[in-house]
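Dumped coords.txt below, it's compact mmCIF, C-alpha atoms:
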```
# COMPACT_ATOMS: atom_id res chain seq x y z
CA MET A 116 44.97 13.09 72.40
CA ILE A 117 43.75 9.77 71.03
CA LYS A 118 42.54 9.52 67.44
CA GLU A 119 41.75 6.14 65.98
CA THR A 120 39.96 4.81 62.91
CA ARG A 121 38.68 1.28 62.36
CA LEU A 122 36.56 -0.36 59.71
CA ILE A 123 33.47 -1.82 61.34
CA MET A 124 30.03 -2.37 59.79
CA GLY A 125 31.66 -1.81 56.40
CA MET A 126 32.54 1.79 57.15
CA PRO A 127 35.20 3.80 58.96
CA ILE A 128 34.49 4.49 62.62
CA ILE A 129 36.57 7.40 63.91
CA LEU A 130 37.03 8.29 67.57
CA ILE A 131 38.84 11.38 68.82
CA ALA A 132 39.35 12.01 72.52
CA PRO A 133 41.39 15.16 73.20
CA ASP A 134 41.53 14.77 77.00
CA LYS A 135 44.17 12.82 78.90
CA SER A 136 41.40 11.42 81.10
CA VAL A 137 40.50 9.03 78.28
CA ALA A 138 42.57 5.84 78.25
CA ASN A 139 43.15 3.43 75.37
CA GLU A 140 40.93 0.86 77.06
CA ASN A 141 38.04 3.36 77.02
CA ILE A 142 38.48 3.70 73.27
CA GLU A 143 38.53 -0.12 72.99
CA GLU A 144 35.26 -0.26 74.90
CA VAL A 145 33.64 1.95 72.25
CA PHE A 146 35.04 -0.01 69.30
CA SER A 147 33.88 -3.25 70.96
CA PHE A 148 30.40 -1.80 71.15
CA PHE A 149 30.38 -1.06 67.40
CA THR A 150 31.56 -4.62 66.71
CA TYR A 151 28.70 -5.89 68.86
CA VAL A 152 26.20 -3.74 66.92
CA ASP A 153 27.51 -5.16 63.65
CA LYS A 154 27.11 -8.75 64.91
CA MET A 155 23.56 -8.05 66.08
CA TYR A 156 22.17 -5.83 63.34
CA SER A 157 24.08 -6.47 60.13
CA PRO A 158 21.85 -7.93 57.41
CA PHE A 159 25.06 -9.33 55.86
CA ILE A 160 25.80 -11.59 58.84
CA GLU A 161 23.82 -14.85 58.78
CA SER A 162 23.80 -15.20 62.56
CA SER A 163 22.82 -11.58 63.28
CA LEU A 164 19.59 -10.82 65.08
CA VAL A 165 18.29 -9.01 61.99
CA SER A 166 18.98 -12.06 59.79
CA ARG A 167 17.30 -14.34 62.33
CA ILE A 168 14.24 -12.09 62.49
CA ARG A 169 14.10 -12.11 58.68
CA ARG A 170 14.16 -15.91 58.67
CA GLY A 171 11.38 -15.98 61.25
CA GLU A 172 13.61 -17.54 63.91
CA VAL A 173 13.08 -14.73 66.43
CA GLY A 174 9.61 -13.41 67.19
CA GLU A 175 8.63 -10.08 68.66
CA PRO A 176 8.25 -11.34 72.25
CA GLU A 177 11.95 -12.28 72.19
CA TYR A 178 13.22 -8.89 70.98
CA PRO A 179 15.85 -7.40 73.31
CA ASP A 180 15.07 -4.04 74.93
CA GLU A 181 17.57 -2.20 72.76
CA LEU A 182 15.82 -3.42 69.60
CA ARG A 183 12.51 -2.25 71.04
CA GLU A 184 14.14 1.14 71.57
CA ILE A 185 15.41 1.18 67.95
CA LEU A 186 11.97 0.20 66.66
CA ALA A 187 10.29 2.89 68.75
CA ILE A 188 12.58 5.49 67.17
CA ALA A 189 11.79 4.06 63.72
CA LYS A 190 8.06 4.20 64.41
CA GLN A 191 8.31 7.80 65.60
CA THR A 192 10.34 8.70 62.52
CA LYS A 193 7.75 7.19 60.22
CA ARG A 194 5.16 9.43 61.87
CA ASP A 195 7.40 12.51 61.82
CA THR A 196 8.17 12.11 58.14
CA ASN A 197 4.75 11.11 56.77
CA GLY A 198 5.93 7.61 55.92
CA TYR A 199 9.29 8.50 54.43
CA PHE A 200 10.94 6.10 56.81
CA ASN A 201 10.01 2.46 57.17
CA VAL A 202 11.80 -0.47 58.81
CA TRP A 203 10.14 -2.89 56.40
CA HIS A 204 11.49 -2.73 52.87
CA LYS A 205 9.95 -4.95 50.19
CA GLY A 206 9.00 -7.48 52.86
CA ASP A 207 12.40 -7.53 54.57
CA PHE A 208 12.94 -6.34 58.12
CA ASP A 209 15.51 -3.55 57.97
CA PRO A 210 16.06 -1.31 61.00
CA SER A 211 19.50 -0.24 59.69
CA GLY A 212 18.36 3.31 58.95
CA ILE A 213 18.06 3.85 62.69
CA VAL A 214 20.81 1.52 63.92
CA LYS A 215 23.70 3.70 62.75
CA GLY A 216 22.50 6.83 64.58
CA TRP A 217 21.53 4.81 67.62
CA ALA A 218 24.96 3.14 67.73
CA ILE A 219 26.76 6.51 67.58
CA ALA A 220 24.50 7.85 70.34
CA GLU A 221 25.25 4.83 72.56
CA ALA A 222 28.96 5.23 71.82
CA ALA A 223 28.68 8.87 72.91
CA LYS A 224 27.21 7.70 76.22
CA ILE A 225 30.19 5.38 76.72
CA LEU A 226 32.84 8.02 75.88
CA GLY A 227 30.86 10.59 77.87
CA LYS A 228 31.61 8.61 81.02
CA TYR A 229 35.30 9.47 80.61
CA SER A 230 35.25 12.97 79.14
CA ASP A 231 32.93 15.76 78.05
CA ASN A 232 35.03 16.29 74.93
CA PHE A 233 34.87 13.77 72.10
CA TYR A 234 34.29 13.20 68.40
CA ILE A 235 32.55 10.05 67.18
CA GLU A 236 32.02 9.38 63.50
CA ALA A 237 30.54 6.40 61.70
CA GLY A 238 30.63 6.64 57.92
CA GLY A 239 30.28 10.42 57.72
CA ASP A 240 27.73 10.84 60.52
CA ILE A 241 29.14 12.65 63.53
CA GLN A 242 28.33 13.35 67.19
CA VAL A 243 30.64 15.71 69.06
CA GLY A 244 30.84 16.47 72.74
CA GLY A 245 32.36 19.65 74.13
CA VAL A 246 35.38 21.08 72.34
CA ASN A 247 38.39 19.96 70.31
CA GLU A 248 42.02 19.71 71.40
CA GLY A 249 42.51 23.45 70.94
CA GLY A 250 39.52 24.23 73.16
CA TYR A 251 37.40 25.38 70.21
CA PRO A 252 34.11 23.97 68.94
CA TRP A 253 34.76 20.99 66.64
CA GLN A 254 35.45 22.14 63.09
CA ILE A 255 33.51 19.89 60.74
CA GLY A 256 33.79 19.96 56.97
CA ILE A 257 30.83 19.18 54.73
CA ARG A 258 32.19 17.05 51.90
CA ASN A 259 31.74 18.14 48.31
CA PRO A 260 29.76 15.28 46.74
CA PHE A 261 31.30 16.16 43.36
CA ASP A 262 34.88 16.00 44.67
CA ARG A 263 35.39 14.02 47.85
CA HIS A 264 38.77 15.63 48.54
CA GLN A 265 37.08 19.00 49.03
CA ASN A 266 34.88 20.52 51.68
CA ILE A 267 32.23 23.02 50.65
CA LYS A 268 31.26 24.22 54.12
CA VAL A 269 32.93 24.23 57.50
CA VAL A 270 30.68 24.25 60.55
CA ALA A 271 31.66 24.72 64.20
CA LEU A 272 29.83 22.30 66.48
CA LYS A 273 29.69 21.93 70.24
CA ASP A 274 27.60 19.14 71.81
CA SER A 275 25.87 18.66 68.46
CA ALA A 276 25.56 16.21 65.62
CA VAL A 277 25.65 16.31 61.84
CA ALA A 278 24.55 13.59 59.43
CA THR A 279 24.72 13.58 55.65
CA SER A 280 22.50 11.54 53.38
CA GLY A 281 23.02 11.10 49.68
CA THR A 282 25.54 9.45 47.45
CA ALA A 283 28.80 10.76 46.10
CA ILE A 284 28.28 8.73 42.96
CA ARG A 285 25.35 10.79 41.79
CA GLY A 286 27.29 13.92 41.10
CA GLN A 287 30.09 12.18 39.27
CA HIS A 288 28.43 9.48 37.25
CA ILE A 289 24.68 9.56 37.20
CA TYR A 290 23.75 12.89 35.79
CA ASP A 291 23.63 13.48 32.12
CA PRO A 292 24.89 17.07 31.70
CA VAL A 293 22.53 17.73 28.80
CA ASP A 294 19.48 16.49 30.64
CA ASN A 295 18.52 19.67 32.48
CA LYS A 296 15.46 18.03 33.96
CA LYS A 297 17.62 16.27 36.52
CA LEU A 298 19.52 19.34 37.64
CA ASP A 299 17.08 20.37 40.33
CA GLU A 300 17.69 17.10 42.16
CA VAL A 301 19.41 16.87 45.51
CA VAL A 302 22.81 15.16 45.54
CA SER A 303 23.28 15.25 49.31
CA ILE A 304 21.76 16.86 52.37
CA SER A 305 23.51 17.50 55.69
CA VAL A 306 21.44 18.00 58.82
CA ILE A 307 22.61 19.52 62.12
CA THR A 308 20.81 19.13 65.43
CA SER A 309 21.66 18.36 69.05
CA ASN A 310 21.89 14.56 68.73
CA ILE A 311 22.90 12.08 66.06
CA ILE A 312 19.78 9.91 66.15
CA ASP A 313 17.64 12.86 65.09
CA ALA A 314 20.22 14.23 62.65
CA ASP A 315 20.59 10.82 61.00
CA ARG A 316 16.90 9.93 60.70
CA MET A 317 15.92 13.38 59.44
CA ALA A 318 18.79 13.53 56.93
CA THR A 319 17.72 10.14 55.54
CA ALA A 320 14.08 11.18 55.32
CA ALA A 321 14.87 14.63 53.88
CA PHE A 322 17.05 13.09 51.18
CA ALA A 323 14.28 10.68 50.23
CA MET A 324 11.94 13.66 49.83
CA GLY A 325 14.10 15.10 47.05
CA ALA A 326 13.83 18.83 46.42
CA LYS A 327 11.22 19.17 49.19
CA GLY A 328 13.60 17.84 51.85
CA ILE A 329 15.29 21.13 52.66
CA TYR A 330 11.87 22.75 53.22
CA PHE A 331 10.90 19.88 55.47
CA ILE A 332 13.98 20.59 57.65
CA GLU A 333 13.25 24.34 57.57
CA GLN A 334 9.93 23.60 59.27
CA LEU A 335 11.52 21.66 62.13
CA ASP A 336 12.56 23.52 65.27
CA GLY A 337 16.16 22.96 66.31
CA TYR A 338 17.28 21.58 62.93
CA GLU A 339 19.33 23.21 60.19
CA ALA A 340 20.39 21.76 56.85
CA CYS A 341 22.50 22.32 53.79
CA ALA A 342 21.45 20.63 50.55
CA VAL A 343 23.84 20.22 47.64
CA MET A 344 22.03 20.30 44.32
CA ALA A 345 22.91 18.62 41.02
CA ASP A 346 23.59 22.04 39.44
CA LYS A 347 26.44 22.52 41.98
CA THR A 348 24.64 25.02 44.16
CA THR A 349 23.83 24.70 47.85
CA ILE A 350 20.56 25.59 49.54
CA THR A 351 20.77 26.28 53.27
CA THR A 352 18.04 26.70 55.85
CA THR A 353 17.68 30.17 57.37
CA GLY A 354 19.52 29.29 60.59
CA TRP A 355 22.38 27.29 59.04
CA GLN A 356 24.74 30.23 58.88
CA LYS A 357 25.07 30.43 62.66
CA TYR A 358 27.05 27.18 62.50
CA GLU A 359 29.41 28.29 59.76
CA ALA A 360 32.87 28.56 61.26
CA THR A 361 34.33 32.04 61.65
CA LYS A 362 37.49 31.10 63.56
CA MET B 170 26.71 -20.72 37.29
CA TYR B 171 29.84 -19.07 35.86
CA LYS B 172 27.96 -15.80 35.72
CA LYS B 173 27.09 -16.07 39.39
CA LEU B 174 30.65 -16.91 40.27
CA ALA B 175 31.93 -13.99 38.23
CA VAL B 176 29.52 -11.58 39.89
CA ALA B 177 30.28 -12.99 43.31
CA GLY B 178 34.00 -12.58 42.63
CA PHE B 179 33.48 -9.04 41.46
CA VAL B 180 31.36 -8.16 44.48
CA ILE B 181 33.92 -9.61 46.88
CA ALA B 182 36.78 -7.86 45.10
CA THR B 183 35.02 -4.50 45.04
CA PHE B 184 34.04 -4.87 48.65
CA ILE B 185 37.65 -5.42 49.64
CA ILE B 186 38.74 -2.42 47.58
CA TYR B 187 35.90 -0.42 49.05
CA SER B 188 36.72 -1.40 52.63
CA LEU B 189 40.40 -0.65 52.25
CA HIS B 190 40.11 2.58 50.37
CA GLN B 191 36.74 3.95 51.24
CA ARG B 192 38.03 6.97 53.08
CA SER B 193 40.97 7.97 50.99
CA GLU B 194 40.29 6.53 47.58
CA GLY B 195 36.66 5.48 47.49
CA SER B 196 35.78 7.65 44.53
CA GLN B 197 38.76 6.37 42.57
CA ALA B 198 37.59 2.79 43.01
CA LEU B 199 34.20 3.83 41.69
CA GLN B 200 35.74 5.64 38.77
CA LYS B 201 37.63 2.49 37.82
CA VAL B 202 34.32 0.74 37.44
CA SER B 203 32.81 3.39 35.20
CA ILE B 204 35.93 4.11 33.15
CA SER B 205 36.33 0.46 32.27
CA GLN B 206 32.72 0.40 31.08
CA ASN B 207 33.28 3.41 28.88
CA THR B 208 36.26 1.87 27.14
CA THR B 209 34.58 -1.43 26.23
CA MET B 210 34.59 -2.35 22.57
CA PRO B 211 31.35 -2.69 20.60
CA SER B 212 29.73 -6.12 20.69
CA THR B 213 31.78 -8.93 19.22
CA ALA B 214 31.64 -12.58 20.18
CA SER B 215 29.27 -14.22 22.58
CA SER B 216 30.92 -14.85 25.92
CA MET B 217 28.54 -15.98 28.64
CA ASN B 218 31.26 -17.02 31.04
CA ALA B 219 33.69 -14.24 30.21
CA SER B 220 35.39 -11.97 32.68
CA THR B 221 33.75 -9.81 35.31
CA PRO B 222 32.19 -6.44 34.46
CA ALA B 223 35.28 -4.70 35.82
CA THR B 224 37.47 -5.79 32.93
CA SER B 225 37.52 -4.21 29.49
CA ALA B 226 37.09 -7.48 27.57
CA VAL B 227 33.34 -7.65 28.15
CA SER B 228 30.89 -6.71 25.44
CA TYR B 229 27.39 -5.43 26.07
CA LYS B 230 24.23 -5.64 24.06
CA ASP B 231 22.27 -2.42 23.56
CA GLY B 232 19.24 -1.98 25.79
CA SER B 233 18.25 -1.24 29.39
CA TYR B 234 19.10 -3.65 32.18
CA THR B 235 17.85 -3.53 35.73
CA GLY B 236 20.22 -4.68 38.46
CA LYS B 237 19.18 -6.55 41.56
CA SER B 238 18.18 -4.56 44.61
CA SER B 239 21.31 -4.48 46.80
CA ASP B 240 21.37 -4.06 50.53
CA ALA B 241 23.53 -1.15 51.61
CA PHE B 242 23.13 -1.93 55.35
CA TYR B 243 21.27 1.38 55.54
CA GLY B 244 18.75 0.53 52.87
CA TYR B 245 18.43 -0.80 49.36
CA VAL B 246 19.87 0.48 46.13
CA GLN B 247 18.78 -0.56 42.68
CA VAL B 248 19.99 0.83 39.37
CA ARG B 249 19.14 0.47 35.69
CA ALA B 250 21.99 0.54 33.19
CA THR B 251 21.42 1.67 29.63
CA ILE B 252 23.79 0.38 26.95
CA SER B 253 24.04 2.07 23.57
CA GLY B 254 26.65 1.38 20.93
CA GLY B 255 28.01 -1.38 23.18
CA LYS B 256 28.87 1.15 25.89
CA LEU B 257 27.34 2.09 29.19
CA SER B 258 25.56 5.35 28.37
CA ASN B 259 23.36 6.02 31.38
CA ILE B 260 22.61 4.82 34.89
CA THR B 261 19.27 5.50 36.53
CA ILE B 262 18.71 5.04 40.25
CA LEU B 263 15.46 3.13 40.70
CA ASP B 264 15.58 2.69 44.43
CA TYR B 265 17.36 4.43 47.24
CA PRO B 266 17.25 3.86 51.02
CA HIS B 267 13.83 4.50 52.50
CA ASP B 268 12.46 6.25 49.46
CA ARG B 269 8.68 6.25 49.57
CA ASP B 270 6.00 7.40 47.21
CA ASN B 271 4.03 9.18 49.91
CA SER B 272 3.92 12.91 49.53
CA VAL B 273 5.11 15.05 52.39
CA GLU B 274 2.92 17.94 53.39
CA ILE B 275 4.81 21.19 53.24
CA ASN B 276 3.14 24.53 53.35
CA ASN B 277 5.39 26.29 50.85
CA SER B 278 3.56 29.60 51.12
CA ALA B 279 4.57 29.95 54.76
CA LEU B 280 8.26 29.32 54.09
CA PRO B 281 10.93 31.93 53.64
CA GLN B 282 13.11 31.97 50.55
CA LEU B 283 16.08 29.77 51.39
CA LYS B 284 19.61 30.86 50.59
CA GLN B 285 21.01 29.37 47.39
CA GLU B 286 24.60 29.85 46.25
CA ALA B 287 27.27 28.18 44.15
CA ILE B 288 29.40 25.64 46.00
CA GLN B 289 32.80 26.90 47.08
CA ALA B 290 35.81 24.89 48.20
CA GLN B 291 36.85 25.58 51.80
CA THR B 292 40.49 25.38 52.80
CA ALA B 293 40.14 25.72 56.58
CA HIS B 294 41.53 22.96 58.79
CA VAL B 295 38.85 20.58 60.04
CA ASP B 296 38.65 17.98 62.80
CA GLY B 297 36.33 15.74 60.78
CA ILE B 298 34.20 15.52 57.67
CA SER B 299 30.54 14.71 57.17
CA GLY B 300 29.61 13.09 53.89
CA ALA B 301 27.53 10.34 52.39
CA THR B 302 29.34 7.16 51.46
CA ASP B 303 27.05 4.41 52.70
CA THR B 304 25.46 3.32 49.50
CA SER B 305 28.48 3.16 47.21
CA GLN B 306 28.94 -0.57 47.63
CA ALA B 307 25.30 -1.43 47.05
CA PHE B 308 25.36 0.83 44.01
CA LYS B 309 28.30 -1.10 42.58
CA GLU B 310 26.64 -4.44 43.30
CA SER B 311 23.42 -3.46 41.57
CA LEU B 312 25.35 -2.01 38.63
CA ALA B 313 27.50 -5.13 38.34
CA ASP B 314 24.34 -7.21 38.27
CA ALA B 315 22.74 -5.02 35.59
CA LEU B 316 25.88 -5.25 33.45
CA THR B 317 25.98 -9.02 33.83
CA ARG B 318 22.52 -9.10 32.30
CA ALA B 319 23.71 -6.84 29.49
CA LYS B 320 26.58 -9.13 28.50
CA VAL B 321 26.38 -10.75 25.08
```

Show this structure as structure tokens.
Amino acid sequence: MIKETRLIMGMPIILIAPDKSVANENIEEVFSFFTYVDKMYSPFIESSLVSRIRRGEVGEPEYPDELREILAIAKQTKRDTNGYFNVWHKGDFDPSGIVKGWAIAEAAKILGKYSDNFYIEAGGDIQVGGVNEGGYPWQIGIRNPFDRHQNIKVVALKDSAVATSGTAIRGQHIYDPVDNKKLDEVVSISVITSNIIDADRMATAAFAMGAKGIYFIEQLDGYEACAVMADKTTITTTGWQKYEATK
Amino acid sequence: MYKKLAVAGFVIATFIIYSLHQRSEGSQALQKVSISQNTTMPSTASSMNASTPATSAVSYKDGSYTGKSSDAFYGYVQVRATISGGKLSNITILDYPHDRDNSVEINNSALPQLKQEAIQAQTAHVDGISGATDTSQAFKESLADALTRAKV
């Protein structure tokens, strides 16, 4: 089994390949892809495509096909979420909300060439293929946003994805314990569906919707979610429980 | 100029800490930031070019200060820091990735009652963990900026 973590795009990228059919060079190919994505789409890198578009140096006719694909997903997401997702933020071009999920999905295509079984994570968003080293569905913890060393749920996933949106800081530092008004707010929301692009974009949008987000996910076919609230309760969609690990 | 350098230094330092420890000790790095704010002394001398917000020697003037909007790679984060009695007393998130004012149409009457329960720690072995960590750095940047404005 190969398991490797690297810091790319300012976050840990974790790859697990349980099968012997996967060689170290296959893992390198995936990490190289993430490095490429960072160079192209990081708003922190002056020479990145995103920075060049922001400076007006690259116009739409020159966009590469993959960016067109990313923008098409963004456009669709804006429609699906009634405007809760937009690649323009205060006048700046910012497709990052889609890039992360897209990059994981592309990485899954690369690893998928070598094995049906894999785990790919970028900063807490995960796509799994097949089963883990023990032959079981991948056991995925949902992190407690109030205590990052704890998991509050464990879900068993096979050929599925989970993405969490929110911020760990909220639970620990933002909320005034005497201000009850804030306690109905959502600290984080985790969304499960078949692929990471959809899990990621819907988790981001649902989090932005606040308390309504979990109901938004409830209405979507093929999606389940678990929201962690500021009062340290969880709200789960009606089908979430089928993913909770029983092993 | 000194202020900018101090903030830049702080941002670079926190980014390095963040990058190195994000997975194992990310929350501790964040706590360092907030603990040091809480232990600052009430306002004393004026010190425009004093140390970075991460040190305990800085004094803050009472009031509310809005930090710059910081890019978290996955969106923008902006916070407002409130100082009372020379200490950081509250932080309000003003902006968060892809937050929009538009209302989403949800037909609540057609929805079932969703299951709500207290959070419980799970001890089972896991292969991986899903959690939100993306915006921590941008949060710190915006907070550092707000606190720079609050300095006396």

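Using all atoms listed in the file, the shortest contact distance between Asp231 of chain B and any of B:Lys256, B:Lys284, B:Arg318, B:His294 is found at B:Lys256.
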
Could you make a table, as CSV, of the residues of chain A that have an atom within 6 Å of an atom of chain B, each with its nearest atom pair and distance in Å to one decimal, counting only C-alpha atoms, in chain and number order?
```
residue,atom,partner,partner_atom,distance
A:Asn197,CA,B:Val273,CA,5.9
A:Tyr199,CA,B:Arg269,CA,5.4
A:Phe200,CA,B:His267,CA,5.4
A:Ser211,CA,B:Tyr243,CA,4.8
A:Gly212,CA,B:Tyr243,CA,4.9
A:Gly239,CA,B:Ser299,CA,4.3
A:Asp240,CA,B:Ser299,CA,5.8
A:Gln254,CA,B:Val295,CA,4.8
A:Ile255,CA,B:Gly297,CA,5.0
A:Gly256,CA,B:Ile298,CA,4.5
A:Ile257,CA,B:Ser299,CA,5.1
A:Arg258,CA,B:Gly300,CA,5.1
A:Asn266,CA,B:Gln291,CA,5.4
A:Ile267,CA,B:Ala290,CA,4.7
A:Thr279,CA,B:Gly300,CA,5.2
A:Ser280,CA,B:Ala301,CA,5.3
A:Gly281,CA,B:Ala301,CA,5.3
A:Thr282,CA,B:Ala301,CA,5.4
A:Ile289,CA,B:Ile260,CA,5.7
A:Ala323,CA,B:Asp268,CA,4.9
A:Lys347,CA,B:Ile288,CA,5.9
A:Thr348,CA,B:Ala287,CA,4.1
A:Thr349,CA,B:Glu286,CA,5.4
A:Ile350,CA,B:Gln285,CA,4.4
A:Thr351,CA,B:Lys284,CA,5.4
A:Thr352,CA,B:Leu283,CA,5.8
```

**OP:** Mind giving me the straight-line distance from atom CA of Ala326 of chain A to atom CA of Ser275 of chain A in Å, one decimal?
**Re:**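 Taking atom CA of Ala326 of chain A and atom CA of Ser275 of chain A, their separation equals 25.1 Å.
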
**OP:** Rounded to one decimal place, report the atom CA of Trp217 of chain A-atom CA of Gln247 of chain B distance in Å.
**Re:**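 Here the two named atoms are 25.7 Å from each other.
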
Subject >> Residue contacts of Gln191 of chain A (12 Å, all atoms listed in the file) excluding same-chain residues fewer than 2 positions away, as a list in words >> reply: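 In the requested format, the answer is Glu184, Ile185, Leu186, Ala187, Ile188, Ala189, Lys193, Arg194, Asp195, Thr196, Asn197, Gly198, Tyr199, Phe200, Asn201, Val202, Ile213, Ile312, Asp313, Arg316 and Met317 of chain A.
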